[in-house]
Every structure is written in structure tokens, then in C-alpha cells.
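This report refers to the structure that appears directly beneath it.
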Amino acid sequence: MSDLVRLVHEPIDLAVLHEATAEDGAVCLFVGVVRNENRGHPVKGLEYEAYEDMALPLMEEVAAETRRRYPVSRVRLVHRLGRLEIGDPSVAVAVTSPHRDEAFAACRFAIDTLKARVPIWKKEHYADGTAWLEERQVDD
């Protein structure tokens with residue numbers, strides 16, 4: 001089993017992300033989902049775009065850097081592109097490791113670094129219009 005890095009236009013298959021090896025004692029899975037409100041605005045849906053030729057290699061760098069910094073078995077990064085509805089998974093990060101502390105730390109590092117470095121843009125759709133949001137920052 002190896003790392004998995006993908007940009008997808010279909011729903012994210014969460015089942016393949018939590019597979020572990022016999023040596024793994026922990027699987028840490030983060031799933032970002034589309035919520036119905038952001039900064040006081042009711043959100044109707046989202047649209048994600050990416051410069052894929054740049055985004056995929058940068059996502060691979062994030063996975064490799066995560067592996068260098070933490071004793072993990074595998075790193076999986078999947079981000080969905082296109083139109084998403086409320087409740088849809090938009091990004092998933094899974095890390096497997098022999099121990100939970102390393103898995104938690106590596107998962108947090110991977111999602112924060114992905115959001116800070118990878119050129120993926122988010123457009124929120126509201127009842128009264130749309131807005132492109134700055135995603136290259138760490139937020140909750």
C-alpha cells in the first residue's frame with residue numbers, strides 16, 4: 001500500500017482512505033464537509049477549482065513532507081473539485097501510523113499544509129450571490 005494523492009470530480013470514497021497495514025495501530029481521518037453557514041452568511045453550496053497541473057505535484061509534496069516529519073506508514077490526500085452541496089465531503093486526509101499521537105499530529109500537519117500551499121479556490125454560493133474565498137490560510 002502506498003500514499004494516495006488525488007483531485008476528484010466525483011464524491012470522495014472515504015472507505016479506501018482508512019485502510020491500514022498489519023503494522024498500523026492508528027488511522028487518523030479528517031474529512032472537511034460543506035457547511036450551511038460561513039461568517040454570518042447562509043451558504044447554499046460551494047464550487048472548488050484548482051490549477052490541477054500545479055496542485056497535484058504540490059499535494060504530493062505535502063504527502064512527502066508529512067512522511068519526512070512524522071513516523072507514518074501512509075498519507076492520503078483527496079480534494080474534490082466542482083459543485084458541492086451542503087454536507088458533501090470536500091477534502092479528506094488520512095494518515096496511518098503505528099501510534100495515535102503521530103497519526104493525529106501528521107493528519108493536522110497535512111490538512112493545514114494542504115490548505116496553505118495548494119492552489120485550490122473556493123466559491124461560496126449564497127441566496128443573494130456568490131463570493132470567492134481565500135483558502136490559502138489555516139482556519140476551521
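By convention here, the chains of the C-alpha cells are called A, B, ... in the order presented, each chain's residues are numbered starting at 1, and ligands are numbered starting at 1 in the order presented.
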>> Could you list, as an MDAnalysis selection string, every residue within 12 Å of Ala22 in chain A, counting only C-alpha atoms and ignoring same-chain residues fewer than 6 positions away?
In response: chainID A and resid 1 73 96:98
> Among chain A, which ones does DSSP place in strand (DSSP E or B), written as a PyMOL selection string?
Replying inline: chain A and resi 4-8+26-33+37-38+41-50+74-80+82-85+89-97+120-126+129-133
> Any idea what the distance is between CA of Ile12 in chain A and CA of Tyr48 in chain A?
Replying inline: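 For CA of Ile12 in chain A relative to CA of Tyr48 in chain A, the distance reads 13.7 Å.
Coordinates place CA of Ala26 in chain A at a distance of 8.8 Å from CA of Phe104 in chain A.
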>> So that I can check the secondary structure, give me every residue of range 5-131 of chain A assigned helix (DSSP H, G or I) by backbone DSSP, as a ChimeraX atom specification.
In response: /A:14-18,52-69,100-117
>> Please compute the CA of Val62 in chain A-CA of Pro11 in chain A distance, one decimal, in Å.
In response: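 Between CA of Val62 in chain A and CA of Pro11 in chain A the gap works out to 21.9 Å.
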>> Give me the residues near Val27 in chain A as a list in words, where near means some atom within 7 Å (using only C-alpha atoms) and where sequence neighbours in that chain fewer than 5 positions away do not count.
In response: His18, Ala20, Ala94, Val95, Thr96, Ser97 and Ala103 of chain A
>> At a cut-off of 7 Å, using only C-alpha atoms, what residues contact Arg6 in chain A? Leave out same-chain residues fewer than 2 positions from it and give the result as a list in words.
In response: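 The neighbour list is Leu4, Val8, Leu56, Leu77, Val78 and His79 of chain A.
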Can I get the selected residues back with N, CA, C and O atoms, as a JSON list (two decimals), in the first residue's frame?
[["chain", "number", "residue", "atom", "x", "y", "z"],
["A", 4, "LEU", "N", -1.66, 8.08, -1.40],
["A", 4, "LEU", "CA", -2.67, 8.36, -2.41],
["A", 4, "LEU", "C", -2.89, 9.86, -2.44],
["A", 4, "LEU", "O", -3.16, 10.46, -1.40],
["A", 8, "VAL", "N", -10.45, 14.98, -7.40],
["A", 8, "VAL", "CA", -11.55, 14.22, -7.99],
["A", 8, "VAL", "C", -12.73, 15.14, -8.29],
["A", 8, "VAL", "O", -12.90, 16.18, -7.66],
["A", 56, "LEU", "N", -1.63, 19.03, -8.02],
["A", 56, "LEU", "CA", -1.27, 17.64, -7.75],
["A", 56, "LEU", "C", 0.17, 17.48, -7.30],
["A", 56, "LEU", "O", 0.43, 16.80, -6.29],
["A", 77, "LEU", "N", -4.32, 12.10, 0.53],
["A", 77, "LEU", "CA", -4.90, 13.43, 0.39],
["A", 77, "LEU", "C", -5.82, 13.42, -0.82],
["A", 77, "LEU", "O", -5.38, 13.13, -1.94],
["A", 78, "VAL", "N", -7.09, 13.74, -0.61],
["A", 78, "VAL", "CA", -8.06, 13.78, -1.70],
["A", 78, "VAL", "C", -8.87, 15.06, -1.56],
["A", 78, "VAL", "O", -9.42, 15.33, -0.49],
["A", 79, "HIS", "N", -8.94, 15.83, -2.64],
["A", 79, "HIS", "CA", -9.76, 17.05, -2.65],
["A", 79, "HIS", "C", -10.72, 16.97, -3.82],
["A", 79, "HIS", "O", -10.33, 16.62, -4.92]]
> In terms of the shortest atom-to-atom distance over only C-alpha atoms, which of A:Leu14, A:Val118, A:Ala127, A:Leu46 is closest to Leu81 in chain A?
Replying inline: A:Leu46
>> Show me, as a list of chain:residue names, the residues that have an atom within 8 Å of Tyr70 in chain A when counting only C-alpha atoms, minus same-chain residues fewer than 2 positions from it.
In response: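 Non-adjacent residues within range: A:Thr66, A:Arg67, A:Arg68, A:Val72, A:Glu102, A:Ala105, A:Ala106.
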Produce a file of the selected residues containing N, CA and C atoms, as an mmCIF file, in the first residue's frame.
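Wrote selection01.cif, looks like this:
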data_model
loop_
_atom_site.group_PDB
_atom_site.id
_atom_site.type_symbol
_atom_site.label_atom_id
_atom_site.label_comp_id
_atom_site.auth_asym_id
_atom_site.auth_seq_id
_atom_site.Cartn_x
_atom_site.Cartn_y
_atom_site.Cartn_z
ATOM 1 N N THR A 66 4.995 15.294 4.964
ATOM 2 C CA THR A 66 4.355 14.691 6.136
ATOM 3 C C THR A 66 5.090 13.419 6.535
ATOM 4 N N ARG A 67 5.443 12.611 5.542
ATOM 5 C CA ARG A 67 6.173 11.366 5.812
ATOM 6 C C ARG A 67 7.567 11.641 6.392
ATOM 7 N N ARG A 68 8.224 12.699 5.907
ATOM 8 C CA ARG A 68 9.558 13.041 6.430
ATOM 9 C C ARG A 68 9.487 13.520 7.883
ATOM 10 N N VAL A 72 5.013 7.867 9.957
ATOM 11 C CA VAL A 72 3.718 7.362 9.498
ATOM 12 C C VAL A 72 3.930 6.335 8.397
ATOM 13 N N GLU A 102 1.350 10.236 16.704
ATOM 14 C CA GLU A 102 1.957 10.595 15.427
ATOM 15 C C GLU A 102 0.901 10.737 14.331
ATOM 16 N N ALA A 105 -0.946 14.130 14.858
ATOM 17 C CA ALA A 105 -0.075 15.259 14.506
ATOM 18 C C ALA A 105 0.158 15.335 13.002
ATOM 19 N N ALA A 106 0.387 14.203 12.377
ATOM 20 C CA ALA A 106 0.633 14.176 10.935
ATOM 21 C C ALA A 106 -0.609 14.579 10.150
#
With a cut-off of 12 Å, could you pull out the residues of range 95-129 of chain A touching range 58-61 of chain A and give me the nearest pair of atoms for each, distance in Å to one decimal, using only C-alpha atoms, ordered by chain and ascending number, as JSON lines?
{"residue": "A:Ala110", "atom": "CA", "partner": "A:Met59", "partner_atom": "CA", "distance": 9.2}
{"residue": "A:Ile111", "atom": "CA", "partner": "A:Met59", "partner_atom": "CA", "distance": 10.1}
{"residue": "A:Asp112", "atom": "CA", "partner": "A:Met59", "partner_atom": "CA", "distance": 11.7}
{"residue": "A:Thr113", "atom": "CA", "partner": "A:Met59", "partner_atom": "CA", "distance": 9.1}
{"residue": "A:Leu114", "atom": "CA", "partner": "A:Met59", "partner_atom": "CA", "distance": 6.6}
{"residue": "A:Lys115", "atom": "CA", "partner": "A:Met59", "partner_atom": "CA", "distance": 9.9}
{"residue": "A:Ala116", "atom": "CA", "partner": "A:Leu58", "partner_atom": "CA", "distance": 10.7}
{"residue": "A:Arg117", "atom": "CA", "partner": "A:Leu58", "partner_atom": "CA", "distance": 7.3}
{"residue": "A:Val118", "atom": "CA", "partner": "A:Leu58", "partner_atom": "CA", "distance": 6.0}
{"residue": "A:Pro119", "atom": "CA", "partner": "A:Leu58", "partner_atom": "CA", "distance": 8.5}
{"residue": "A:Ile120", "atom": "CA", "partner": "A:Met59", "partner_atom": "CA", "distance": 10.6}
Could you dump the residues just selected with N, CA, C and O atoms as a PDB file, in the first residue's frame?
ATOM      1  N   ALA A 110      -0.809  17.756   7.692  1.00  0.00           N
ATOM      2  CA  ALA A 110      -1.132  17.563   6.274  1.00  0.00           C
ATOM      3  C   ALA A 110      -2.296  18.451   5.828  1.00  0.00           C
ATOM      4  O   ALA A 110      -2.208  19.100   4.776  1.00  0.00           O
ATOM      5  N   ILE A 111      -3.379  18.529   6.591  1.00  0.00           N
ATOM      6  CA  ILE A 111      -4.506  19.358   6.161  1.00  0.00           C
ATOM      7  C   ILE A 111      -4.143  20.836   6.234  1.00  0.00           C
ATOM      8  O   ILE A 111      -4.474  21.607   5.321  1.00  0.00           O
ATOM      9  N   ASP A 112      -3.448  21.251   7.270  1.00  0.00           N
ATOM     10  CA  ASP A 112      -3.068  22.656   7.372  1.00  0.00           C
ATOM     11  C   ASP A 112      -2.118  23.059   6.248  1.00  0.00           C
ATOM     12  O   ASP A 112      -2.241  24.141   5.671  1.00  0.00           O
ATOM     13  N   THR A 113      -1.177  22.194   5.911  1.00  0.00           N
ATOM     14  CA  THR A 113      -0.215  22.494   4.860  1.00  0.00           C
ATOM     15  C   THR A 113      -0.885  22.478   3.492  1.00  0.00           C
ATOM     16  O   THR A 113      -0.616  23.337   2.646  1.00  0.00           O
ATOM     17  N   LEU A 114      -1.781  21.530   3.268  1.00  0.00           N
ATOM     18  CA  LEU A 114      -2.531  21.488   2.002  1.00  0.00           C
ATOM     19  C   LEU A 114      -3.292  22.797   1.807  1.00  0.00           C
ATOM     20  O   LEU A 114      -3.212  23.420   0.743  1.00  0.00           O
ATOM     21  N   LYS A 115      -4.000  23.240   2.834  1.00  0.00           N
ATOM     22  CA  LYS A 115      -4.797  24.467   2.713  1.00  0.00           C
ATOM     23  C   LYS A 115      -3.927  25.698   2.497  1.00  0.00           C
ATOM     24  O   LYS A 115      -4.324  26.635   1.818  1.00  0.00           O
ATOM     25  N   ALA A 116      -2.718  25.700   3.066  1.00  0.00           N
ATOM     26  CA  ALA A 116      -1.834  26.861   2.960  1.00  0.00           C
ATOM     27  C   ALA A 116      -1.083  26.924   1.632  1.00  0.00           C
ATOM     28  O   ALA A 116      -0.789  28.009   1.139  1.00  0.00           O
ATOM     29  N   ARG A 117      -0.787  25.772   1.028  1.00  0.00           N
ATOM     30  CA  ARG A 117       0.120  25.754  -0.130  1.00  0.00           C
ATOM     31  C   ARG A 117      -0.489  25.411  -1.474  1.00  0.00           C
ATOM     32  O   ARG A 117       0.076  25.753  -2.512  1.00  0.00           O
ATOM     33  N   VAL A 118      -1.578  24.690  -1.486  1.00  0.00           N
ATOM     34  CA  VAL A 118      -2.080  24.142  -2.751  1.00  0.00           C
ATOM     35  C   VAL A 118      -3.096  25.098  -3.382  1.00  0.00           C
ATOM     36  O   VAL A 118      -4.017  25.555  -2.713  1.00  0.00           O
ATOM     37  N   PRO A 119      -2.927  25.402  -4.686  1.00  0.00           N
ATOM     38  CA  PRO A 119      -3.825  26.342  -5.365  1.00  0.00           C
ATOM     39  C   PRO A 119      -5.195  25.734  -5.682  1.00  0.00           C
ATOM     40  O   PRO A 119      -5.455  25.267  -6.785  1.00  0.00           O
ATOM     41  N   ILE A 120      -6.038  25.735  -4.661  1.00  0.00           N
ATOM     42  CA  ILE A 120      -7.436  25.297  -4.789  1.00  0.00           C
ATOM     43  C   ILE A 120      -8.282  26.458  -4.293  1.00  0.00           C
ATOM     44  O   ILE A 120      -8.065  26.969  -3.197  1.00  0.00           O
TER      45      ILE A 120
END
> Using only C-alpha atoms, which of the listed residues (A:Lys44, A:Leu29, A:Arg74, A:Glu49) sits closest to Trp132 in chain A?
Replying inline: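 Answer, going by the shortest atom-to-atom distance: A:Glu49.
For Glu37 in chain A, the non-local neighbours within 12 Å, defined as residues at least 3 positions apart in the same chain or in other chains and counting only C-alpha atoms, are Val33, Val34, Gly40, His41, Pro42, Val43, Lys44, Gly45, Leu46, Ile86, Gly87, Glu124, His125, Tyr126 and Ala127 of chain A.
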Dump C-alpha atoms for the selected residues as an mmCIF file, in the first residue's frame?
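Output file out-v1.cif follows:
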data_model
loop_
_atom_site.group_PDB
_atom_site.id
_atom_site.type_symbol
_atom_site.label_atom_id
_atom_site.label_comp_id
_atom_site.auth_asym_id
_atom_site.auth_seq_id
_atom_site.Cartn_x
_atom_site.Cartn_y
_atom_site.Cartn_z
ATOM 1 C CA VAL A 33 -17.584 18.927 4.693
ATOM 2 C CA VAL A 34 -19.605 21.762 3.206
ATOM 3 C CA GLY A 40 -22.761 35.010 9.107
ATOM 4 C CA HIS A 41 -23.809 34.210 5.521
ATOM 5 C CA PRO A 42 -26.168 31.298 4.778
ATOM 6 C CA VAL A 43 -24.364 29.078 2.253
ATOM 7 C CA LYS A 44 -26.333 27.188 -0.420
ATOM 8 C CA GLY A 45 -23.347 25.271 -1.849
ATOM 9 C CA LEU A 46 -19.717 25.527 -2.904
ATOM 10 C CA ILE A 86 -24.274 21.120 1.941
ATOM 11 C CA GLY A 87 -22.913 18.068 3.773
ATOM 12 C CA GLU A 124 -19.433 30.079 -1.984
ATOM 13 C CA HIS A 125 -22.969 30.317 -3.315
ATOM 14 C CA TYR A 126 -25.476 32.318 -1.255
ATOM 15 C CA ALA A 127 -29.157 33.082 -1.820
#
